[in-house]
$ cat work_1.txt   # compact mmCIF, C-alpha atoms
# COMPACT_ATOMS: atom_id res chain seq x y z
CA MET L 1 14.10 -70.53 -11.39
CA LEU L 2 13.25 -67.40 -13.40
CA ARG L 3 15.98 -65.51 -11.58
CA LEU L 4 18.50 -67.86 -13.16
CA THR L 5 17.35 -67.04 -16.70
CA SER L 6 20.28 -64.77 -17.50
CA LEU L 7 22.77 -67.46 -16.45
CA LEU L 8 21.00 -70.11 -18.51
CA LEU L 9 20.96 -67.80 -21.54
CA GLY L 10 24.71 -67.36 -21.13
CA VAL L 11 25.08 -71.15 -21.03
CA ALA L 12 23.05 -71.51 -24.23
CA LEU L 13 25.28 -69.06 -26.12
CA LEU L 14 28.43 -70.62 -24.69
CA LEU L 15 27.46 -74.20 -25.57
CA THR L 16 26.35 -73.25 -29.07
CA GLY L 17 29.79 -71.76 -29.71
CA SER L 18 31.52 -74.75 -28.13
CA GLY L 19 29.44 -77.23 -30.15
CA LEU L 20 30.26 -75.41 -33.38
CA LEU L 21 33.98 -75.18 -32.59
CA GLY L 22 34.66 -78.88 -32.01
CA THR L 23 33.22 -79.99 -35.36
CA LEU L 24 34.58 -76.96 -37.19
CA LEU L 25 38.15 -77.72 -36.12
CA ALA L 26 37.93 -81.30 -37.34
CA VAL L 27 36.63 -80.19 -40.74
CA ARG L 28 39.14 -77.35 -41.11
CA GLY L 29 42.04 -79.50 -39.90
CA ALA L 30 41.26 -82.17 -42.47
CA GLN L 31 41.14 -79.48 -45.18
CA ALA L 32 44.53 -78.24 -44.02
CA GLY L 33 46.00 -81.69 -44.55
CA PHE L 34 46.38 -82.80 -40.93
CA ASP L 35 46.46 -86.60 -40.80
CA ASP L 36 44.26 -88.55 -38.40
CA ARG L 37 46.98 -89.12 -35.82
CA THR L 38 47.74 -85.40 -35.73
CA LEU L 39 44.07 -84.48 -35.43
CA GLY L 40 43.67 -86.99 -32.61
CA LEU L 41 46.53 -85.39 -30.67
CA VAL L 42 45.17 -81.91 -31.35
CA MET L 43 41.72 -82.89 -30.09
CA SER L 44 43.25 -84.47 -26.99
CA GLY L 45 44.62 -81.03 -26.12
CA TYR L 46 41.12 -79.76 -25.39
CA PHE L 47 40.35 -82.49 -22.89
CA ALA L 48 43.76 -82.11 -21.27
CA GLY L 49 43.06 -78.39 -20.87
CA PHE L 50 39.61 -79.18 -19.47
CA PHE L 51 41.24 -81.50 -16.94
CA PHE L 52 43.85 -78.97 -15.80
CA GLY L 53 41.29 -76.17 -15.79
CA THR L 54 39.27 -78.07 -13.19
CA PHE L 55 42.10 -77.33 -10.76
CA LEU L 56 43.13 -73.89 -12.07
CA GLY L 57 39.70 -72.27 -12.48
CA PRO L 58 38.17 -72.33 -8.96
CA PRO L 59 41.07 -70.48 -7.24
CA MET L 60 40.92 -67.69 -9.82
CA ILE L 61 37.14 -67.41 -9.55
CA GLY L 62 37.42 -67.22 -5.77
CA ARG L 63 40.13 -64.55 -6.00
CA ILE L 64 38.63 -62.13 -8.55
CA GLY L 65 34.91 -62.93 -8.40
CA HIS L 66 32.48 -64.63 -10.74
CA ILE L 67 31.74 -61.83 -13.20
CA ARG L 68 35.35 -60.81 -13.72
CA ALA L 69 36.44 -64.45 -13.94
CA PHE L 70 33.75 -65.14 -16.54
CA ALA L 71 34.88 -62.15 -18.60
CA PHE L 72 38.52 -63.22 -18.29
CA PHE L 73 37.88 -66.80 -19.41
CA ALA L 74 35.58 -65.66 -22.23
CA ALA L 75 38.27 -63.31 -23.55
CA LEU L 76 40.86 -66.09 -23.31
CA ALA L 77 38.59 -68.50 -25.21
CA ALA L 78 37.77 -65.92 -27.89
CA ILE L 79 41.45 -65.11 -28.46
CA ALA L 80 42.34 -68.79 -28.76
CA ILE L 81 39.46 -69.40 -31.19
CA LEU L 82 40.36 -66.45 -33.42
CA LEU L 83 44.00 -67.58 -33.61
CA HIS L 84 43.08 -70.93 -35.16
CA PRO L 85 42.51 -69.66 -38.74
CA ILE L 86 45.52 -67.34 -38.47
CA TRP L 87 47.95 -69.95 -37.14
CA VAL L 88 47.17 -73.14 -39.06
CA ASN L 89 49.78 -75.43 -37.61
CA PRO L 90 49.23 -78.67 -35.65
CA TRP L 91 51.53 -77.67 -32.80
CA ALA L 92 49.84 -74.29 -32.54
CA TRP L 93 46.39 -75.87 -32.67
CA GLY L 94 47.34 -78.33 -29.95
CA LEU L 95 48.38 -75.45 -27.71
CA LEU L 96 45.27 -73.44 -28.58
CA ARG L 97 43.04 -76.42 -27.84
CA LEU L 98 44.72 -76.75 -24.45
CA VAL L 99 44.08 -73.07 -23.73
CA THR L 100 40.48 -73.37 -24.96
CA GLY L 101 39.88 -76.31 -22.62
CA VAL L 102 41.16 -74.34 -19.63
CA ALA L 103 39.04 -71.33 -20.60
CA LEU L 104 35.82 -73.27 -21.16
CA VAL L 105 36.03 -75.24 -17.93
CA GLY L 106 36.54 -71.90 -16.16
CA LEU L 107 33.37 -70.58 -17.82
CA TYR L 108 31.36 -73.69 -16.94
CA THR L 109 32.59 -73.67 -13.35
CA THR L 110 31.63 -70.02 -12.95
CA ILE L 111 28.06 -70.57 -14.14
CA GLU L 112 27.52 -73.91 -12.43
CA SER L 113 28.67 -72.65 -9.04
CA TRP L 114 26.28 -69.73 -9.49
CA LEU L 115 23.41 -72.07 -10.29
CA ASN L 116 24.07 -73.77 -6.96
CA THR L 117 22.84 -70.68 -5.11
CA GLU L 118 19.28 -72.00 -5.47
CA PRO L 119 18.48 -73.11 -1.90
CA ASP L 120 15.51 -75.43 -2.56
CA ALA L 121 16.55 -79.03 -3.33
CA GLY L 122 13.54 -79.67 -5.59
CA THR L 123 14.24 -76.58 -7.64
CA ARG L 124 17.92 -77.48 -7.84
CA ALA L 125 16.98 -80.82 -9.41
CA LYS L 126 14.89 -78.97 -12.02
CA VAL L 127 17.76 -76.55 -12.64
CA PHE L 128 20.09 -79.52 -13.18
CA SER L 129 17.70 -81.05 -15.72
CA VAL L 130 17.22 -77.76 -17.57
CA TYR L 131 20.97 -77.14 -17.53
CA MET L 132 21.72 -80.52 -19.11
CA MET L 133 18.96 -79.98 -21.70
CA ILE L 134 20.52 -76.63 -22.61
CA ASN L 135 23.92 -78.34 -22.90
CA LEU L 136 22.62 -80.83 -25.44
CA SER L 137 20.53 -78.23 -27.29
CA GLY L 138 23.48 -75.86 -27.56
CA LEU L 139 25.74 -78.60 -28.92
CA ALA L 140 23.06 -79.54 -31.46
CA LEU L 141 22.52 -75.94 -32.56
CA GLY L 142 26.26 -75.59 -33.12
CA GLN L 143 26.08 -78.41 -35.68
CA LEU L 144 23.20 -76.67 -37.44
CA LEU L 145 25.26 -73.48 -37.73
CA LEU L 146 28.05 -75.46 -39.37
CA GLY L 147 25.68 -77.22 -41.77
CA TRP L 148 23.45 -74.34 -42.76
CA GLY L 149 25.49 -71.25 -42.02
CA GLY L 150 26.36 -70.73 -45.67
CA MET L 151 29.63 -69.15 -44.58
CA GLU L 152 33.28 -69.90 -45.18
CA LEU L 153 34.95 -71.94 -42.46
CA ALA L 154 37.20 -69.02 -41.51
CA THR L 155 34.09 -66.89 -40.94
CA LEU L 156 32.65 -69.58 -38.66
CA PHE L 157 35.62 -69.12 -36.33
CA ASN L 158 34.56 -65.49 -36.01
CA LEU L 159 30.97 -66.57 -35.31
CA THR L 160 32.18 -68.94 -32.60
CA ALA L 161 34.15 -66.17 -30.91
CA ILE L 162 31.11 -63.87 -31.17
CA LEU L 163 28.93 -66.44 -29.40
CA ILE L 164 31.49 -66.86 -26.61
CA CYS L 165 31.72 -63.09 -26.15
CA ALA L 166 27.93 -62.69 -26.31
CA SER L 167 27.57 -65.12 -23.40
CA VAL L 168 29.26 -62.53 -21.17
CA MET L 169 26.42 -60.02 -21.54
CA PRO L 170 23.57 -61.89 -19.80
CA VAL L 171 25.94 -63.26 -17.17
CA SER L 172 27.43 -59.86 -16.33
CA ALA L 173 23.92 -58.36 -16.15
CA THR L 174 22.72 -60.75 -13.45
CA TRP L 175 21.78 -59.36 -10.04
CA LEU L 176 22.46 -62.62 -8.21
CA VAL L 177 24.90 -62.49 -5.32
CA GLN L 178 28.24 -64.07 -6.21
CA PRO L 179 28.59 -67.32 -4.25
CA GLU L 180 31.56 -68.89 -2.55
CA ILE L 181 33.21 -71.86 -4.27
CA PRO L 182 33.60 -74.55 -1.61
CA SER L 183 36.77 -76.58 -1.41
CA LEU L 184 36.26 -80.19 -2.41
CA THR L 185 38.23 -83.22 -1.27
CA ARG L 186 38.75 -85.80 -4.02
CA PHE L 187 39.47 -89.47 -3.57
CA SER L 188 42.62 -91.07 -4.90
CA LEU L 189 42.13 -93.47 -7.80
CA ARG L 190 42.90 -96.44 -5.57
CA HIS L 191 40.37 -95.30 -2.96
CA LEU L 192 37.75 -94.58 -5.59
CA TYR L 193 38.20 -98.01 -7.17
CA ALA L 194 37.97 -99.69 -3.77
CA LEU L 195 34.69 -97.89 -3.05
CA ALA L 196 32.99 -98.38 -6.44
CA PRO L 197 35.05 -100.39 -8.94
CA ALA L 198 32.31 -100.75 -11.57
CA ALA L 199 31.62 -97.01 -11.58
CA THR L 200 35.35 -96.19 -11.79
CA VAL L 201 36.02 -98.51 -14.73
CA GLY L 202 32.78 -97.40 -16.40
CA ALA L 203 33.77 -93.74 -16.16
CA GLY L 204 37.29 -94.39 -17.46
CA LEU L 205 36.39 -96.57 -20.44
CA SER L 206 33.40 -94.41 -21.39
CA GLY L 207 35.80 -91.43 -21.33
CA LEU L 208 38.20 -93.25 -23.65
CA ALA L 209 35.32 -93.90 -26.05
CA MET L 210 33.55 -90.55 -25.83
CA GLY L 211 36.71 -88.44 -25.99
CA ALA L 212 37.42 -90.09 -29.33
CA PHE L 213 33.78 -89.58 -30.32
CA TRP L 214 33.85 -85.82 -29.75
CA GLY L 215 37.31 -85.36 -31.20
CA LEU L 216 37.29 -87.64 -34.25
CA SER L 217 33.72 -88.43 -35.31
CA PRO L 218 33.65 -85.37 -37.62
CA VAL L 219 36.98 -86.53 -39.08
CA TYR L 220 35.56 -90.01 -39.65
CA ALA L 221 32.48 -88.56 -41.34
CA GLY L 222 34.63 -86.52 -43.69
CA ARG L 223 36.92 -89.45 -44.48
CA ILE L 224 33.99 -91.63 -45.61
CA GLY L 225 32.89 -88.98 -48.09
CA LEU L 226 30.46 -86.64 -46.32
CA ASP L 227 30.67 -82.93 -47.16
CA THR L 228 30.59 -80.19 -44.51
CA ARG L 229 26.79 -80.25 -44.28
CA GLY L 230 26.85 -84.04 -44.06
CA VAL L 231 29.41 -83.93 -41.25
CA ALA L 232 27.18 -81.51 -39.34
CA LEU L 233 24.14 -83.78 -39.81
CA PHE L 234 26.19 -86.78 -38.76
CA MET L 235 27.11 -85.13 -35.44
CA LEU L 236 23.61 -83.71 -35.02
CA ALA L 237 22.15 -87.21 -35.30
CA ALA L 238 24.32 -88.50 -32.45
CA ILE L 239 23.62 -85.51 -30.21
CA ALA L 240 19.88 -85.80 -30.88
CA GLY L 241 20.07 -89.48 -29.98
CA GLY L 242 21.86 -88.62 -26.75
CA ALA L 243 19.21 -86.04 -25.91
CA LEU L 244 16.16 -88.19 -26.74
CA LEU L 245 17.18 -91.69 -25.70
CA GLN L 246 18.94 -91.16 -22.38
CA VAL L 247 15.67 -90.79 -20.46
CA PRO L 248 13.95 -93.99 -21.71
CA ILE L 249 17.17 -95.99 -21.36
CA GLY L 250 17.62 -94.72 -17.82
CA ARG L 251 14.02 -95.43 -16.84
CA ILE L 252 14.30 -99.02 -18.04
CA SER L 253 17.38 -99.46 -15.86
CA ASN L 254 15.80 -98.06 -12.68
CA GLY L 255 15.10 -100.83 -10.20
CA HIS L 256 17.65 -103.20 -11.78
CA ASP L 257 21.31 -103.87 -11.19
CA ARG L 258 23.06 -100.84 -12.65
CA ARG L 259 26.09 -102.89 -13.67
CA LEU L 260 23.95 -105.15 -15.85
CA ALA L 261 22.25 -102.15 -17.47
CA LEU L 262 25.63 -100.52 -18.11
CA ALA L 263 27.05 -103.72 -19.60
CA ILE L 264 24.07 -104.28 -21.90
CA THR L 265 24.11 -100.64 -23.04
CA ALA L 266 27.85 -100.84 -23.77
CA LEU L 267 27.40 -104.05 -25.78
CA ALA L 268 24.51 -102.56 -27.74
CA ALA L 269 26.56 -99.44 -28.55
CA ALA L 270 29.48 -101.64 -29.64
CA GLY L 271 27.16 -103.54 -31.97
CA VAL L 272 25.87 -100.32 -33.50
CA ALA L 273 29.44 -99.08 -34.00
CA LEU L 274 30.40 -102.25 -35.86
CA ALA L 275 27.27 -102.04 -38.01
CA MET L 276 28.54 -98.68 -39.30
CA LEU L 277 31.40 -100.55 -41.00
CA LEU L 278 29.08 -102.33 -43.42
CA PRO L 279 29.55 -101.01 -46.99
CA ALA L 280 25.78 -100.97 -47.55
CA VAL L 281 25.36 -98.75 -44.47
CA GLN L 282 28.07 -96.29 -45.52
CA ALA L 283 26.51 -96.07 -48.98
CA ASN L 284 23.12 -95.12 -47.50
CA HIS L 285 23.48 -91.93 -45.50
CA ARG L 286 20.02 -92.13 -43.96
CA VAL L 287 20.80 -95.53 -42.47
CA LEU L 288 24.21 -94.28 -41.33
CA PHE L 289 22.66 -91.26 -39.62
CA GLY L 290 20.05 -93.51 -38.01
CA LEU L 291 22.75 -95.77 -36.60
CA PHE L 292 24.69 -92.80 -35.27
CA PHE L 293 21.49 -91.50 -33.66
CA LEU L 294 21.17 -94.83 -31.87
CA PHE L 295 24.87 -94.87 -31.00
CA GLY L 296 24.56 -91.40 -29.47
CA GLY L 297 21.64 -92.45 -27.30
CA LEU L 298 23.44 -95.54 -26.03
CA SER L 299 26.94 -94.12 -25.61
CA PHE L 300 25.80 -90.87 -23.99
CA SER L 301 24.12 -93.00 -21.31
CA LEU L 302 27.32 -94.70 -20.18
CA TYR L 303 28.72 -91.94 -17.96
CA PRO L 304 25.31 -91.23 -16.33
CA PHE L 305 25.08 -94.97 -15.54
CA ALA L 306 28.47 -94.80 -13.84
CA VAL L 307 27.36 -91.77 -11.80
CA ALA L 308 24.08 -93.48 -10.84
CA HIS L 309 26.03 -96.55 -9.73
CA MET L 310 28.25 -94.30 -7.62
CA LEU L 311 25.16 -92.68 -6.08
CA ASP L 312 23.82 -96.12 -5.23
CA TYR L 313 26.87 -97.21 -3.30
CA LEU L 314 28.74 -94.39 -1.59
CA PRO L 315 27.75 -93.01 1.82
CA ARG L 316 25.90 -89.74 1.27
CA GLU L 317 28.53 -87.65 2.98
CA HIS L 318 31.09 -88.85 0.38
CA LEU L 319 28.94 -88.64 -2.74
CA LEU L 320 30.09 -85.25 -3.94
CA SER L 321 33.77 -86.11 -3.49
CA GLY L 322 33.26 -89.49 -5.12
CA CYS L 323 31.38 -88.10 -8.12
CA SER L 324 33.98 -85.37 -8.53
CA SER L 325 36.74 -87.98 -8.57
CA LEU L 326 34.71 -90.03 -11.04
CA LEU L 327 34.49 -86.96 -13.25
CA LEU L 328 38.27 -86.64 -13.27
CA VAL L 329 38.69 -90.31 -14.20
CA ASN L 330 36.33 -89.74 -17.11
CA GLY L 331 38.27 -86.61 -18.04
CA VAL L 332 41.61 -88.44 -18.14
CA GLY L 333 40.05 -91.07 -20.39
CA SER L 334 38.62 -88.35 -22.63
CA ALA L 335 42.08 -86.77 -22.99
CA ILE L 336 43.73 -90.06 -23.96
CA GLY L 337 40.96 -91.35 -26.24
CA PRO L 338 41.42 -89.05 -29.27
CA ALA L 339 45.18 -89.69 -29.34
CA LEU L 340 44.68 -93.48 -29.28
CA ALA L 341 41.88 -93.48 -31.83
CA GLY L 342 43.69 -90.99 -34.08
CA GLY L 343 46.76 -93.23 -34.16
CA ALA L 344 44.58 -96.21 -35.09
CA MET L 345 42.85 -94.25 -37.87
CA HIS L 346 46.21 -93.08 -39.21
CA ARG L 347 47.41 -96.68 -39.48
CA PHE L 348 44.26 -98.56 -40.49
CA GLY L 349 42.04 -95.90 -42.04
CA PRO L 350 38.75 -94.30 -40.92
CA SER L 351 37.12 -97.68 -40.23
CA ALA L 352 39.40 -97.96 -37.20
CA LEU L 353 37.24 -95.45 -35.28
CA PRO L 354 34.09 -97.61 -35.02
CA VAL L 355 36.35 -100.57 -34.21
CA TYR L 356 38.00 -98.51 -31.48
CA PHE L 357 34.56 -97.67 -30.04
CA ALA L 358 33.64 -101.35 -30.08
CA VAL L 359 36.87 -102.45 -28.38
CA MET L 360 36.45 -99.95 -25.53
CA LEU L 361 32.78 -100.79 -25.04
CA VAL L 362 33.23 -104.56 -25.20
CA ALA L 363 36.06 -104.26 -22.67
CA LEU L 364 33.71 -102.36 -20.36
CA ALA L 365 30.93 -104.92 -20.78
CA GLY L 366 33.34 -107.79 -20.20
CA TYR L 367 34.63 -106.30 -16.97
CA LEU L 368 31.10 -105.73 -15.70
CA PHE L 369 29.97 -109.26 -16.53
CA VAL L 370 32.92 -110.60 -14.56
CA ARG L 371 31.90 -108.52 -11.56
CA LEU L 372 28.32 -109.66 -11.90
CA ARG L 373 29.48 -113.27 -11.81
CA PHE L 374 31.24 -112.82 -8.48
CA ARG L 375 28.89 -110.28 -6.89
CA ARG L 376 25.22 -110.93 -6.41
CA GLU L 377 22.70 -108.80 -8.27
CA ARG L 378 21.06 -106.04 -6.30
CA THR L 379 18.46 -103.34 -6.93
CA PHE L 380 18.89 -99.69 -6.11
CA ALA L 381 16.88 -96.56 -5.47
CA ALA L 382 19.01 -93.72 -6.91
CA PRO L 383 17.43 -92.39 -10.12
CA PHE L 384 19.20 -92.25 -13.46
CA ARG L 385 19.77 -88.61 -14.46
CA PRO L 386 20.59 -87.71 -18.08
CA MET L 387 23.79 -85.69 -18.14
CA LEU L 388 26.95 -84.77 -19.97
CA ARG L 389 30.38 -84.71 -18.42
CA THR L 390 30.82 -81.19 -17.07
CA THR L 391 32.49 -79.81 -13.90
CA PRO L 392 32.22 -80.79 -10.21
CA SER L 393 30.05 -77.73 -9.55
CA ALA L 394 27.22 -79.20 -11.64
CA LEU L 395 27.21 -82.32 -9.47
CA GLU L 396 26.24 -80.17 -6.48
CA LEU L 397 22.90 -79.48 -8.20
CA MET L 398 21.86 -83.10 -7.84
CA PRO L 399 19.70 -83.60 -4.72
CA GLU L 400 21.35 -86.98 -4.12
CA THR L 401 24.55 -85.19 -3.13
CA GLU L 402 22.79 -83.28 -0.36
CA PRO L 403 24.38 -84.38 2.96
CA SER L 404 20.96 -84.66 4.64
CA HIS L 405 20.19 -87.97 2.92
CA PRO L 406 20.58 -91.18 4.91
CA PRO L 407 23.65 -93.33 4.30
CA ALA L 408 23.58 -95.85 1.47
CA ASP L 409 24.57 -99.51 1.64
CA SER L 410 28.17 -100.56 1.30
CA PRO L 411 29.76 -100.76 -2.17
CA ASP L 412 29.97 -103.84 -4.32
$ encode --input "work_1.txt" --output "structure tokens"
Amino acid sequence: MLRLTSLLLGVALLLTGSGLLGTLLAVRGAQAGFDDRTLGLVMSGYFAGFFFGTFLGPPMIGRIGHIRAFAFFAALAAIAILLHPIWVNPWAWGLLRLVTGVALVGLYTTIESWLNTEPDAGTRAKVFSVYMMINLSGLALGQLLLGWGGMELATLFNLTAILICASVMPVSATWLVQPEIPSLTRFSLRHLYALAPAATVGAGLSGLAMGAFWGLSPVYAGRIGLDTRGVALFMLAAIAGGALLQVPIGRISNGHDRRLALAITALAAAGVALAMLLPAVQANHRVLFGLFFLFGGLSFSLYPFAVAHMLDYLPREHLLSGCSSLLLVNGVGSAIGPALAGGAMHRFGPSALPVYFAVMLVALAGYLFVRLRFRRERTFAAPFRPMLRTTPSALELMPETEPSHPPADSPD
């Protein structure tokens, strides 16, 4: 795995810049007077760009090669980032967020397809774990830069662009052979739902919740009175919770019906979200941060539960296509979520965001309990793997998607 060090260093720089940018935009947009509905639509632009970039990026990478594609997407992302403080307009920011989403998914796809060159399945599983750990660490470090940078917000845009550009250096210096990007057949939504309905609904509703989380949680934190450093700590608490609690939550679920574990986790996260509405909680920042830490751990586990459920049910030869389709369902939900939640916050105030989380999560739990009532409980062997939503190339790192595995049982 040492030979992949330069790629992983590039990932660390890239994710630190990306983590800083998302929270920075919410803080700067609120300062510029953007209302919550506008900020929700602006933040949706990123996820829409990420969705479209999943289709646009691989052909370009295959045509011009990994290093040149990485440099191209990094330059595109840096330009879009640097235009934000120059062009402070919601329509412009929406367009720039769309472009940034396309650029970043191109960067992630380039690195993740490169990481797949590791031939040993055991090492690939370790690479996947390290890659996800770097994802969470980079996002967390980005919050620290916002909270303790001691710089003006306009300067932080420059720092973000610097980090994106710096990620090109270790990647372009690698001596690894540039791999081929395989074509991937995706299932239609109807086919995916027929194969694994619980996983499909879980991915969609968790996307609706988590898209709003990433896009509007910094806005919510600012609206309830936290300063820039407080907003950074607020987001850091949730990311730390997602990094530290996914593993124990997943281990508890192993050997049990994944639908029940997903439903209980969603209900617990909904309860934590509603607890954040209590005036005594909002008046005590330590308690608020503690609740958001717990919310991060629970809510970050929802999409990995959906993936694990998919791994349990699909025939092995269809796992990669199924997980890739599941990723797109989650991505569509993530693109819609900030717009819905932003509209609710605009009408009902910042307290609408925790309520929105609770509504999405209770809906997910309710659907799963209905399925549990009509489908008998079963136990499964596929392990829970902590992860963030990324690109289809990262899914190829999971040993479960290797075609050599025996077929699984039929879906629920």
$ closest_residue --input "work_1.txt" --among "L:Pro354, L:Arg190, L:Phe293, L:Arg68" --to "Ser325 in chain L" --atoms "all atoms listed in the file"
L:Arg190
$ closest_atom_pairs --input "work_1.txt" --of "range 97-210 of chain L" --to "range 232-247 of chain L" --cutoff "8 Å" --atoms "all atoms listed in the file" --output "CSV"
residue,atom,partner,partner_atom,distance
L:Met133,CA,L:Ala243,CA,7.4
L:Leu136,CA,L:Ala243,CA,6.2
L:Leu139,CA,L:Ile239,CA,7.3
L:Ala140,CA,L:Leu236,CA,5.5
L:Gln143,CA,L:Ala232,CA,4.9
L:Leu144,CA,L:Ala232,CA,6.5
L:Leu146,CA,L:Ala232,CA,6.1
L:Gly147,CA,L:Ala232,CA,5.2
$ residues_around --input "work_1.txt" --residues "Leu216 in chain L" --least-positions-apart "2" --cutoff "8 Å" --atoms "all atoms listed in the file" --output "short mmCIF file (atom, residue, chain, number, x, y, z; two decimals) with C-alpha atoms, keeping the file's coordinate frame"
data_model
loop_
_atom_site.label_atom_id
_atom_site.label_comp_id
_atom_site.auth_asym_id
_atom_site.auth_seq_id
_atom_site.Cartn_x
_atom_site.Cartn_y
_atom_site.Cartn_z
CA ALA L 26 37.93 -81.30 -37.34
CA LEU L 39 44.07 -84.48 -35.43
CA GLY L 40 43.67 -86.99 -32.61
CA MET L 43 41.72 -82.89 -30.09
CA ALA L 212 37.42 -90.09 -29.33
CA PHE L 213 33.78 -89.58 -30.32
CA TRP L 214 33.85 -85.82 -29.75
CA PRO L 218 33.65 -85.37 -37.62
CA VAL L 219 36.98 -86.53 -39.08
CA TYR L 220 35.56 -90.01 -39.65
CA PRO L 338 41.42 -89.05 -29.27
CA ALA L 341 41.88 -93.48 -31.83
CA GLY L 342 43.69 -90.99 -34.08
CA LEU L 353 37.24 -95.45 -35.28
#
$ closest_atom_pairs --input "work_1.txt" --of "range 266-330 of chain L" --to "range 358-373 of chain L" --cutoff "9 Å" --atoms "all atoms listed in the file" --output "JSON lines"
{"residue": "L:Ala266", "atom": "CA", "partner": "L:Leu361", "partner_atom": "CA", "distance": 5.1}
{"residue": "L:Leu267", "atom": "CA", "partner": "L:Val362", "partner_atom": "CA", "distance": 5.9}
{"residue": "L:Ala268", "atom": "CA", "partner": "L:Leu361", "partner_atom": "CA", "distance": 8.9}
{"residue": "L:Ala269", "atom": "CA", "partner": "L:Leu361", "partner_atom": "CA", "distance": 7.3}
{"residue": "L:Ala270", "atom": "CA", "partner": "L:Ala358", "partner_atom": "CA", "distance": 4.2}
{"residue": "L:Gly271", "atom": "CA", "partner": "L:Ala358", "partner_atom": "CA", "distance": 7.1}
{"residue": "L:Val272", "atom": "CA", "partner": "L:Ala358", "partner_atom": "CA", "distance": 8.6}
{"residue": "L:Ala273", "atom": "CA", "partner": "L:Ala358", "partner_atom": "CA", "distance": 6.2}
{"residue": "L:Leu274", "atom": "CA", "partner": "L:Ala358", "partner_atom": "CA", "distance": 6.7}
{"residue": "L:Ser299", "atom": "CA", "partner": "L:Leu361", "partner_atom": "CA", "distance": 8.9}
$ write_last_selection --input "work_1.txt" --atoms "C-alpha atoms" --output "PDB file, in the coordinates of the input"
ATOM      1  CA  ALA L 266      27.850-100.840 -23.770  1.00  0.00           C
ATOM      2  CA  LEU L 267      27.400-104.050 -25.780  1.00  0.00           C
ATOM      3  CA  ALA L 268      24.510-102.560 -27.740  1.00  0.00           C
ATOM      4  CA  ALA L 269      26.560 -99.440 -28.550  1.00  0.00           C
ATOM      5  CA  ALA L 270      29.480-101.640 -29.640  1.00  0.00           C
ATOM      6  CA  GLY L 271      27.160-103.540 -31.970  1.00  0.00           C
ATOM      7  CA  VAL L 272      25.870-100.320 -33.500  1.00  0.00           C
ATOM      8  CA  ALA L 273      29.440 -99.080 -34.000  1.00  0.00           C
ATOM      9  CA  LEU L 274      30.400-102.250 -35.860  1.00  0.00           C
ATOM     10  CA  SER L 299      26.940 -94.120 -25.610  1.00  0.00           C
TER      11      SER L 299
END
$ closest_residue --input "work_1.txt" --among "L:Ala221, L:Leu311, L:Val105, L:Ala196" --to "His285 in chain L" --atoms "all atoms listed in the file"
L:Ala221
$ residues_near_point --input "work_1.txt" --point "(43.3, -75.0, -25.3)" --cutoff "12 Å" --atoms "all atoms listed in the file" --output "ChimeraX atom specification"
/L:21-22,42-53,73,76-81,83-84,91-106
$ closest_residue --input "work_1.txt" --among "L:Leu262, L:Asp312, L:Tyr356, L:Ser206" --to "Ala339 in chain L" --atoms "all atoms listed in the file"
L:Tyr356
$ decode --input "work_1.txt" --residues "range 232-242 of chain L" --atoms "N, CA and C atoms" --output "PDB file, in the first residue's frame"
ATOM      1  N   ALA L 232     -17.904  26.110  12.860  1.00  0.00           N
ATOM      2  CA  ALA L 232     -16.882  25.112  12.533  1.00  0.00           C
ATOM      3  C   ALA L 232     -16.891  23.968  13.550  1.00  0.00           C
ATOM      4  N   LEU L 233     -16.991  24.308  14.845  1.00  0.00           N
ATOM      5  CA  LEU L 233     -17.031  23.274  15.881  1.00  0.00           C
ATOM      6  C   LEU L 233     -18.296  22.424  15.769  1.00  0.00           C
ATOM      7  N   PHE L 234     -19.388  23.062  15.429  1.00  0.00           N
ATOM      8  CA  PHE L 234     -20.652  22.359  15.248  1.00  0.00           C
ATOM      9  C   PHE L 234     -20.521  21.279  14.173  1.00  0.00           C
ATOM     10  N   MET L 235     -19.949  21.648  13.020  1.00  0.00           N
ATOM     11  CA  MET L 235     -19.764  20.679  11.939  1.00  0.00           C
ATOM     12  C   MET L 235     -18.711  19.644  12.298  1.00  0.00           C
ATOM     13  N   LEU L 236     -17.654  20.093  12.983  1.00  0.00           N
ATOM     14  CA  LEU L 236     -16.604  19.159  13.398  1.00  0.00           C
ATOM     15  C   LEU L 236     -17.162  18.086  14.325  1.00  0.00           C
ATOM     16  N   ALA L 237     -18.075  18.466  15.218  1.00  0.00           N
ATOM     17  CA  ALA L 237     -18.660  17.493  16.135  1.00  0.00           C
ATOM     18  C   ALA L 237     -19.392  16.396  15.373  1.00  0.00           C
ATOM     19  N   ALA L 238     -20.162  16.774  14.364  1.00  0.00           N
ATOM     20  CA  ALA L 238     -20.914  15.774  13.594  1.00  0.00           C
ATOM     21  C   ALA L 238     -19.979  14.875  12.804  1.00  0.00           C
ATOM     22  N   ILE L 239     -18.961  15.445  12.177  1.00  0.00           N
ATOM     23  CA  ILE L 239     -18.021  14.644  11.392  1.00  0.00           C
ATOM     24  C   ILE L 239     -17.247  13.690  12.297  1.00  0.00           C
ATOM     25  N   ALA L 240     -16.837  14.190  13.475  1.00  0.00           N
ATOM     26  CA  ALA L 240     -16.145  13.314  14.435  1.00  0.00           C
ATOM     27  C   ALA L 240     -17.051  12.176  14.867  1.00  0.00           C
ATOM     28  N   GLY L 241     -18.329  12.472  15.099  1.00  0.00           N
ATOM     29  CA  GLY L 241     -19.266  11.417  15.441  1.00  0.00           C
ATOM     30  C   GLY L 241     -19.387  10.389  14.343  1.00  0.00           C
ATOM     31  N   GLY L 242     -19.456  10.864  13.093  1.00  0.00           N
ATOM     32  CA  GLY L 242     -19.520   9.940  11.963  1.00  0.00           C
ATOM     33  C   GLY L 242     -18.286   9.078  11.847  1.00  0.00           C
TER      34      GLY L 242
END
